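Worksheet: one structure, shown below.
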Amino acid sequence: MAGPRLSRRHLIAAGSVAAATAVAVTLTASAGASDTKDQAQRAIKGGKAKNVILLVGDGMGDSEITLARDYTVGANGRLNMDKLPLTGAYTTYAVHKDGSPDYVTDSAASGSAWATGVKTVNGRISKTPGTDKAVPTILELAKKNGYATGSVTTAELTDATPAVLAAHATDRSCQGPADMAKCPADTIAKGGPGSIAEQSVNHKVDVLLGGGKQRFDQKVTDGKYKGRTVTEQAKRLGYQVVTNDRELKKVKSVKGGKPVLGLFAPGNVAVEWTGKPAAKGGTDPQRCTTSNPNRPAGTPALQDQASKAIKLLEAKQKSAKSKQGFFLQIEGASIDKQDHAADPCGQIGETAAFDRAVKVARDYAAKHPDTLVVTTADHAHTSQIVPLEAQPPGLSSTLVTDEGQQLKVNYSTNTPGQSQEHTGTQVRIAAQGPQAYRVLGVTNQTDLFTTVREALRLR
């Protein structure tokens, strides 16, 4: 995009949001405008961002946000993600192979949309819908332009949302070398890039933190690393491999070509909260258990992983005396997974954990205002807050919130006993920092790719 045209667009966009922002910042704190006028004004500026922190709550639609808010801080309280000064919404639909809309997306197509700027079919990882061709991702572009890069998740590192940044696959199931049945053309034997795990470490992403050790323990079947596990491949590529909180704390830097691979669970990282899942006919009123006895000791919290990732990426660039900063994606993955399971306590606990990671990002941005922070979701989900007297036909649960009030949540997007489903509604996107004004209004998920690319000036 040419310089003069871009500048004119910035002026028009800034002017178009100025009046709306002026109105927004005069609202009282009780109405939710907890940020100051100065913060909102800074958020509509253009210019270049040194860093971008993108936080994705998987399956975190407005219903999921409201449920977590009501339970943890009260109906009139505000989560950290509520305090971002500029808020909009974006559409999440996928496409069919012919480009026509598929109204309910999965995480693979959804993530591919913001990772590449291109809509694709459900199940595909950063490849075109019709021709199945790889499309450059925002992480690949950031790395090419000299930025440090990172990805943090509570899912397997080979799951859809982290995969869209560091891999290209015909099907999201092709996570490890033994999982390639649906991706024959992607195998190394056929001249492809290999599984998602192999591609992720081959990209030399500076910081990779999450679950999925079982995928990296699979043996490579062809090519240079044949017979070795993907973890061994990572070590030969220079990765420092850590498996618990103590080992992660010991890592001091990623300089000198020593990136970090954190594998904190065989599969998905265990959730933080537990409780009774929703049931047909409802449950007795319950309080959630805020410590999961089945969560292994030494499992780092998402907020701690986020903080460590930021420190490592920042330190790498400082040691290299780079003018560029970093791109970091942080995913709260099991909001979605507990929504599928109709488990309100698990879901709320993961949303609260994600919200603490949002605070880490905002605290960093407060000291580094050249950081763009974006919080959003990949798609909406099933949970709905309904009246206590309602008798949902599916699964429901009654919770006793931190305010001492009862709240009923309903899961009815599939029959009891089946996995609950995503929904096709638009979701929230909120931001602060350079180019944050781009999230205002109703946009398309692919516009997030452009926002990050323009903020970091990636070409």
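Numbering starts fresh at 1 for the residues of each chain in the structure tokens, the chains themselves are lettered A, B, ... in the order given, and ligands are numbered from 1 as they appear.
Here the strand (DSSP E or B) residues in segment 179-320 of chain A, by DSSP on the backbone, are Val207, Leu208, Leu209, Gly210, Gly211, Lys219, Thr229, Gln240, Val241, Val242, Val260, Leu261, Gly262, Leu263, Thr274, Ala279, Lys280, Gln286 and Thr289 of chain A.
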Report the closest atom pair, with its distance in Å rounded to one decimal, for each residue of segment 305-358 of chain A that has an atom no farther than 9 Å from segment 243-264 of chain A; count only C-alpha atoms, sort by chain and then rising residue number, and write it as JSON lines.
{"residue": "A:Gln305", "atom": "CA", "partner": "A:Leu248", "partner_atom": "CA", "distance": 8.5}
{"residue": "A:Lys308", "atom": "CA", "partner": "A:Lys249", "partner_atom": "CA", "distance": 7.8}
{"residue": "A:Lys311", "atom": "CA", "partner": "A:Ser253", "partner_atom": "CA", "distance": 8.5}
{"residue": "A:Leu312", "atom": "CA", "partner": "A:Ser253", "partner_atom": "CA", "distance": 5.5}
{"residue": "A:Leu313", "atom": "CA", "partner": "A:Val254", "partner_atom": "CA", "distance": 7.4}
{"residue": "A:Ala315", "atom": "CA", "partner": "A:Ser253", "partner_atom": "CA", "distance": 6.7}
{"residue": "A:Lys316", "atom": "CA", "partner": "A:Lys255", "partner_atom": "CA", "distance": 5.3}
{"residue": "A:Gln317", "atom": "CA", "partner": "A:Lys255", "partner_atom": "CA", "distance": 8.4}
{"residue": "A:Ser319", "atom": "CA", "partner": "A:Lys255", "partner_atom": "CA", "distance": 7.2}
{"residue": "A:Ala320", "atom": "CA", "partner": "A:Lys255", "partner_atom": "CA", "distance": 7.8}
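Between Glu403 of chain A and the candidates A:Asp206, A:Ala189, A:Asp62, A:Arg287, the tightest atom-to-atom separation, counting only C-alpha atoms, involves A:Arg287.
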Just the alpha helix (DSSP H) stuff from segment 53-196 of chain A, please, per backbone DSSP, written as a PyMOL selection string. chain A and resi 62-72+107-116+138-144+160-166+196
Can I get the selection written as a JSON list (two decimals), in the first residue's frame, with N, CA and C atoms?
[["chain", "number", "residue", "atom", "x", "y", "z"],
["A", 62, "ASP", "N", -19.72, -13.41, 23.66],
["A", 62, "ASP", "CA", -20.23, -12.48, 24.68],
["A", 62, "ASP", "C", -20.90, -13.21, 25.83],
["A", 63, "SER", "N", -21.55, -14.34, 25.55],
["A", 63, "SER", "CA", -22.19, -15.10, 26.64],
["A", 63, "SER", "C", -21.16, -15.63, 27.61],
["A", 64, "GLU", "N", -20.04, -16.12, 27.08],
["A", 64, "GLU", "CA", -18.98, -16.67, 27.93],
["A", 64, "GLU", "C", -18.33, -15.58, 28.77],
["A", 65, "ILE", "N", -18.13, -14.41, 28.16],
["A", 65, "ILE", "CA", -17.56, -13.28, 28.90],
["A", 65, "ILE", "C", -18.51, -12.85, 30.02],
["A", 66, "THR", "N", -19.80, -12.73, 29.69],
["A", 66, "THR", "CA", -20.79, -12.29, 30.68],
["A", 66, "THR", "C", -20.90, -13.28, 31.83],
["A", 67, "LEU", "N", -20.87, -14.57, 31.51],
["A", 67, "LEU", "CA", -20.96, -15.60, 32.56],
["A", 67, "LEU", "C", -19.78, -15.48, 33.52],
["A", 68, "ALA", "N", -18.57, -15.33, 32.99],
["A", 68, "ALA", "CA", -17.38, -15.19, 33.84],
["A", 68, "ALA", "C", -17.44, -13.90, 34.66],
["A", 69, "ARG", "N", -17.90, -12.81, 34.04],
["A", 69, "ARG", "CA", -18.01, -11.54, 34.76],
["A", 69, "ARG", "C", -19.01, -11.66, 35.90],
["A", 70, "ASP", "N", -20.20, -12.16, 35.60],
["A", 70, "ASP", "CA", -21.24, -12.26, 36.63],
["A", 70, "ASP", "C", -20.77, -13.12, 37.80],
["A", 71, "TYR", "N", -20.09, -14.22, 37.50],
["A", 71, "TYR", "CA", -19.69, -15.13, 38.56],
["A", 71, "TYR", "C", -18.54, -14.57, 39.40],
["A", 72, "THR", "N", -17.55, -13.96, 38.75],
["A", 72, "THR", "CA", -16.31, -13.62, 39.47],
["A", 72, "THR", "C", -16.26, -12.20, 40.01],
["A", 107, "SER", "N", -12.24, -23.71, 14.81],
["A", 107, "SER", "CA", -11.08, -22.91, 15.21],
["A", 107, "SER", "C", -10.01, -22.85, 14.14],
["A", 108, "ALA", "N", -9.92, -23.88, 13.30],
["A", 108, "ALA", "CA", -8.88, -23.90, 12.27],
["A", 108, "ALA", "C", -9.15, -22.85, 11.20],
["A", 109, "ALA", "N", -10.35, -22.85, 10.65],
["A", 109, "ALA", "CA", -10.69, -21.86, 9.62],
["A", 109, "ALA", "C", -10.69, -20.46, 10.21],
["A", 110, "SER", "N", -11.19, -20.35, 11.43],
["A", 110, "SER", "CA", -11.25, -19.05, 12.09],
["A", 110, "SER", "C", -9.86, -18.48, 12.30],
["A", 111, "GLY", "N", -8.98, -19.27, 12.91],
["A", 111, "GLY", "CA", -7.62, -18.80, 13.16],
["A", 111, "GLY", "C", -6.88, -18.51, 11.87],
["A", 112, "SER", "N", -7.10, -19.33, 10.86],
["A", 112, "SER", "CA", -6.44, -19.09, 9.57],
["A", 112, "SER", "C", -6.83, -17.74, 9.00],
["A", 113, "ALA", "N", -8.07, -17.30, 9.28],
["A", 113, "ALA", "CA", -8.54, -16.02, 8.74],
["A", 113, "ALA", "C", -7.73, -14.85, 9.29],
["A", 114, "TRP", "N", -7.51, -14.81, 10.62],
["A", 114, "TRP", "CA", -6.71, -13.68, 11.14],
["A", 114, "TRP", "C", -5.22, -13.92, 10.95],
["A", 115, "ALA", "N", -4.81, -15.19, 10.84],
["A", 115, "ALA", "CA", -3.39, -15.47, 10.67],
["A", 115, "ALA", "C", -2.89, -15.12, 9.27],
["A", 116, "THR", "N", -3.78, -15.24, 8.27],
["A", 116, "THR", "CA", -3.36, -15.06, 6.88],
["A", 116, "THR", "C", -4.11, -13.97, 6.14],
["A", 138, "ILE", "N", 0.89, -14.32, 9.67],
["A", 138, "ILE", "CA", 1.37, -13.09, 10.30],
["A", 138, "ILE", "C", 2.64, -13.36, 11.11],
["A", 139, "LEU", "N", 2.75, -14.56, 11.70],
["A", 139, "LEU", "CA", 3.98, -14.89, 12.43],
["A", 139, "LEU", "C", 5.15, -15.05, 11.46],
["A", 140, "GLU", "N", 4.91, -15.69, 10.34],
["A", 140, "GLU", "CA", 5.98, -15.85, 9.35],
["A", 140, "GLU", "C", 6.44, -14.49, 8.83],
["A", 141, "LEU", "N", 5.50, -13.60, 8.58],
["A", 141, "LEU", "CA", 5.86, -12.26, 8.10],
["A", 141, "LEU", "C", 6.61, -11.48, 9.17],
["A", 142, "ALA", "N", 6.17, -11.61, 10.43],
["A", 142, "ALA", "CA", 6.85, -10.92, 11.52],
["A", 142, "ALA", "C", 8.29, -11.42, 11.65],
["A", 143, "LYS", "N", 8.48, -12.71, 11.59],
["A", 143, "LYS", "CA", 9.82, -13.28, 11.69],
["A", 143, "LYS", "C", 10.69, -12.80, 10.53],
["A", 144, "LYS", "N", 10.13, -12.80, 9.32],
["A", 144, "LYS", "CA", 10.86, -12.35, 8.13],
["A", 144, "LYS", "C", 11.30, -10.89, 8.26],
["A", 160, "ALA", "N", -5.46, -26.25, 16.78],
["A", 160, "ALA", "CA", -5.75, -25.36, 15.65],
["A", 160, "ALA", "C", -5.25, -23.94, 15.82],
["A", 161, "THR", "N", -5.54, -23.31, 16.95],
["A", 161, "THR", "CA", -5.22, -21.89, 17.09],
["A", 161, "THR", "C", -3.73, -21.59, 17.08],
["A", 162, "PRO", "N", -2.90, -22.30, 17.85],
["A", 162, "PRO", "CA", -1.46, -22.07, 17.68],
["A", 162, "PRO", "C", -0.94, -22.56, 16.33],
["A", 163, "ALA", "N", -1.54, -23.60, 15.79],
["A", 163, "ALA", "CA", -1.06, -24.16, 14.52],
["A", 163, "ALA", "C", -1.16, -23.18, 13.37],
["A", 164, "VAL", "N", -2.21, -22.34, 13.36],
["A", 164, "VAL", "CA", -2.42, -21.46, 12.20],
["A", 164, "VAL", "C", -1.28, -20.46, 12.02],
["A", 165, "LEU", "N", -0.52, -20.20, 13.08],
["A", 165, "LEU", "CA", 0.58, -19.25, 12.99],
["A", 165, "LEU", "C", 1.85, -19.88, 12.42],
["A", 166, "ALA", "N", 2.08, -21.15, 12.75],
["A", 166, "ALA", "CA", 3.40, -21.75, 12.49],
["A", 166, "ALA", "C", 3.34, -23.00, 11.63],
["A", 196, "ILE", "N", 2.20, -30.71, 11.87],
["A", 196, "ILE", "CA", 2.17, -29.40, 12.53],
["A", 196, "ILE", "C", 3.29, -29.28, 13.55]]
List as a tab-separated table every residue of segment 91-168 of chain A that is in contact with segment 420-444 of chain A, defined as an atom at most 10 Å from one of its atoms (using only C-alpha atoms), together with the nearest atom pair and the distance in Å rounded to one decimal, sorted by chain and then rising number.
residue	atom	partner	partner_atom	distance
A:Thr91	CA	A:Gln426	CA	4.6
A:Thr92	CA	A:Gln426	CA	6.1
A:Tyr93	CA	A:Gly424	CA	6.6
A:Ala94	CA	A:Gly424	CA	9.5
A:Asp102	CA	A:Gly424	CA	9.0
A:Tyr103	CA	A:Gly424	CA	5.6
A:Val104	CA	A:Gly424	CA	4.4
A:Thr105	CA	A:Gly424	CA	6.8
A:Asp106	CA	A:His422	CA	7.4
A:Ser107	CA	A:His422	CA	9.5
A:Ala113	CA	A:Asn444	CA	9.0
A:Trp114	CA	A:Asn444	CA	9.1
A:Gly117	CA	A:Asn444	CA	9.6
A:Lys119	CA	A:Asn444	CA	9.9
Preceding selection exported with N, CA, C and O atoms as a short mmCIF file (atom, residue, chain, number, x, y, z; two decimals), in the first residue's frame:
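File written: selection.cif
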data_model
loop_
_atom_site.label_atom_id
_atom_site.label_comp_id
_atom_site.auth_asym_id
_atom_site.auth_seq_id
_atom_site.Cartn_x
_atom_site.Cartn_y
_atom_site.Cartn_z
N THR A 91 -17.09 -10.59 12.34
CA THR A 91 -17.78 -11.78 11.86
C THR A 91 -16.78 -12.93 11.76
O THR A 91 -15.60 -12.72 11.47
N THR A 92 -17.26 -14.15 11.97
CA THR A 92 -16.36 -15.29 12.11
C THR A 92 -16.58 -16.39 11.08
O THR A 92 -15.92 -17.42 11.14
N TYR A 93 -17.48 -16.22 10.13
CA TYR A 93 -17.83 -17.31 9.22
C TYR A 93 -16.63 -17.87 8.46
O TYR A 93 -15.66 -17.16 8.17
N ALA A 94 -16.70 -19.15 8.16
CA ALA A 94 -15.72 -19.79 7.28
C ALA A 94 -16.28 -19.76 5.86
O ALA A 94 -17.29 -19.09 5.58
N ASP A 102 -19.77 -20.40 4.93
CA ASP A 102 -20.12 -21.48 5.85
C ASP A 102 -20.31 -20.77 7.18
O ASP A 102 -19.35 -20.33 7.81
N TYR A 103 -21.53 -20.65 7.64
CA TYR A 103 -21.88 -19.68 8.67
C TYR A 103 -21.33 -19.99 10.06
O TYR A 103 -21.24 -19.08 10.90
N VAL A 104 -20.98 -21.24 10.32
CA VAL A 104 -20.42 -21.59 11.63
C VAL A 104 -19.01 -22.13 11.43
O VAL A 104 -18.81 -23.16 10.79
N THR A 105 -18.04 -21.43 11.97
CA THR A 105 -16.64 -21.79 11.77
C THR A 105 -16.14 -22.74 12.85
O THR A 105 -16.71 -22.84 13.93
N ASP A 106 -15.05 -23.43 12.53
CA ASP A 106 -14.29 -24.11 13.56
C ASP A 106 -13.05 -23.28 13.87
O ASP A 106 -12.83 -22.23 13.26
N SER A 107 -12.24 -23.71 14.81
CA SER A 107 -11.08 -22.91 15.21
C SER A 107 -10.01 -22.85 14.14
O SER A 107 -9.25 -21.88 14.07
N ALA A 113 -8.07 -17.30 9.28
CA ALA A 113 -8.54 -16.02 8.74
C ALA A 113 -7.73 -14.85 9.29
O ALA A 113 -7.31 -13.96 8.54
N TRP A 114 -7.51 -14.81 10.62
CA TRP A 114 -6.71 -13.68 11.14
C TRP A 114 -5.22 -13.92 10.95
O TRP A 114 -4.44 -12.97 10.88
N GLY A 117 -5.27 -13.56 6.66
CA GLY A 117 -6.11 -12.62 5.92
C GLY A 117 -6.95 -13.28 4.86
O GLY A 117 -7.60 -12.61 4.06
N LYS A 119 -9.97 -16.27 4.16
CA LYS A 119 -10.95 -17.22 4.67
C LYS A 119 -10.69 -18.61 4.06
O LYS A 119 -10.28 -18.72 2.90
#
Using only C-alpha atoms, what table do you get, as JSON lines, when you list each residue of segment 210-282 of chain A with an atom no more than 12 Å from segment 180-186 of chain A, its nearest pair of atoms, and their distance in Å rounded to one decimal, rows by chain then rising number?
{"residue": "A:Arg215", "atom": "CA", "partner": "A:Met180", "partner_atom": "CA", "distance": 11.6}
{"residue": "A:Gln218", "atom": "CA", "partner": "A:Met180", "partner_atom": "CA", "distance": 11.8}
{"residue": "A:Val220", "atom": "CA", "partner": "A:Met180", "partner_atom": "CA", "distance": 11.2}
{"residue": "A:Thr221", "atom": "CA", "partner": "A:Met180", "partner_atom": "CA", "distance": 10.5}
{"residue": "A:Asp222", "atom": "CA", "partner": "A:Asp186", "partner_atom": "CA", "distance": 11.9}
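Minimum atom-to-atom distance to Leu395 of chain A, evaluated using only C-alpha atoms, belongs to A:Gly281 out of A:Gly59, A:Gly74, A:Gly281, A:Pro293.
Considering the residues A:Asp132, A:Glu272, A:Asp284, A:Glu156 and counting only C-alpha atoms, Glu331 of chain A has its shortest atom-to-atom contact with A:Glu156.
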One-decimal distance in Å that lies between atom CA of Gln199 of chain A and atom CA of Leu328 of chain A: 17.8 Å
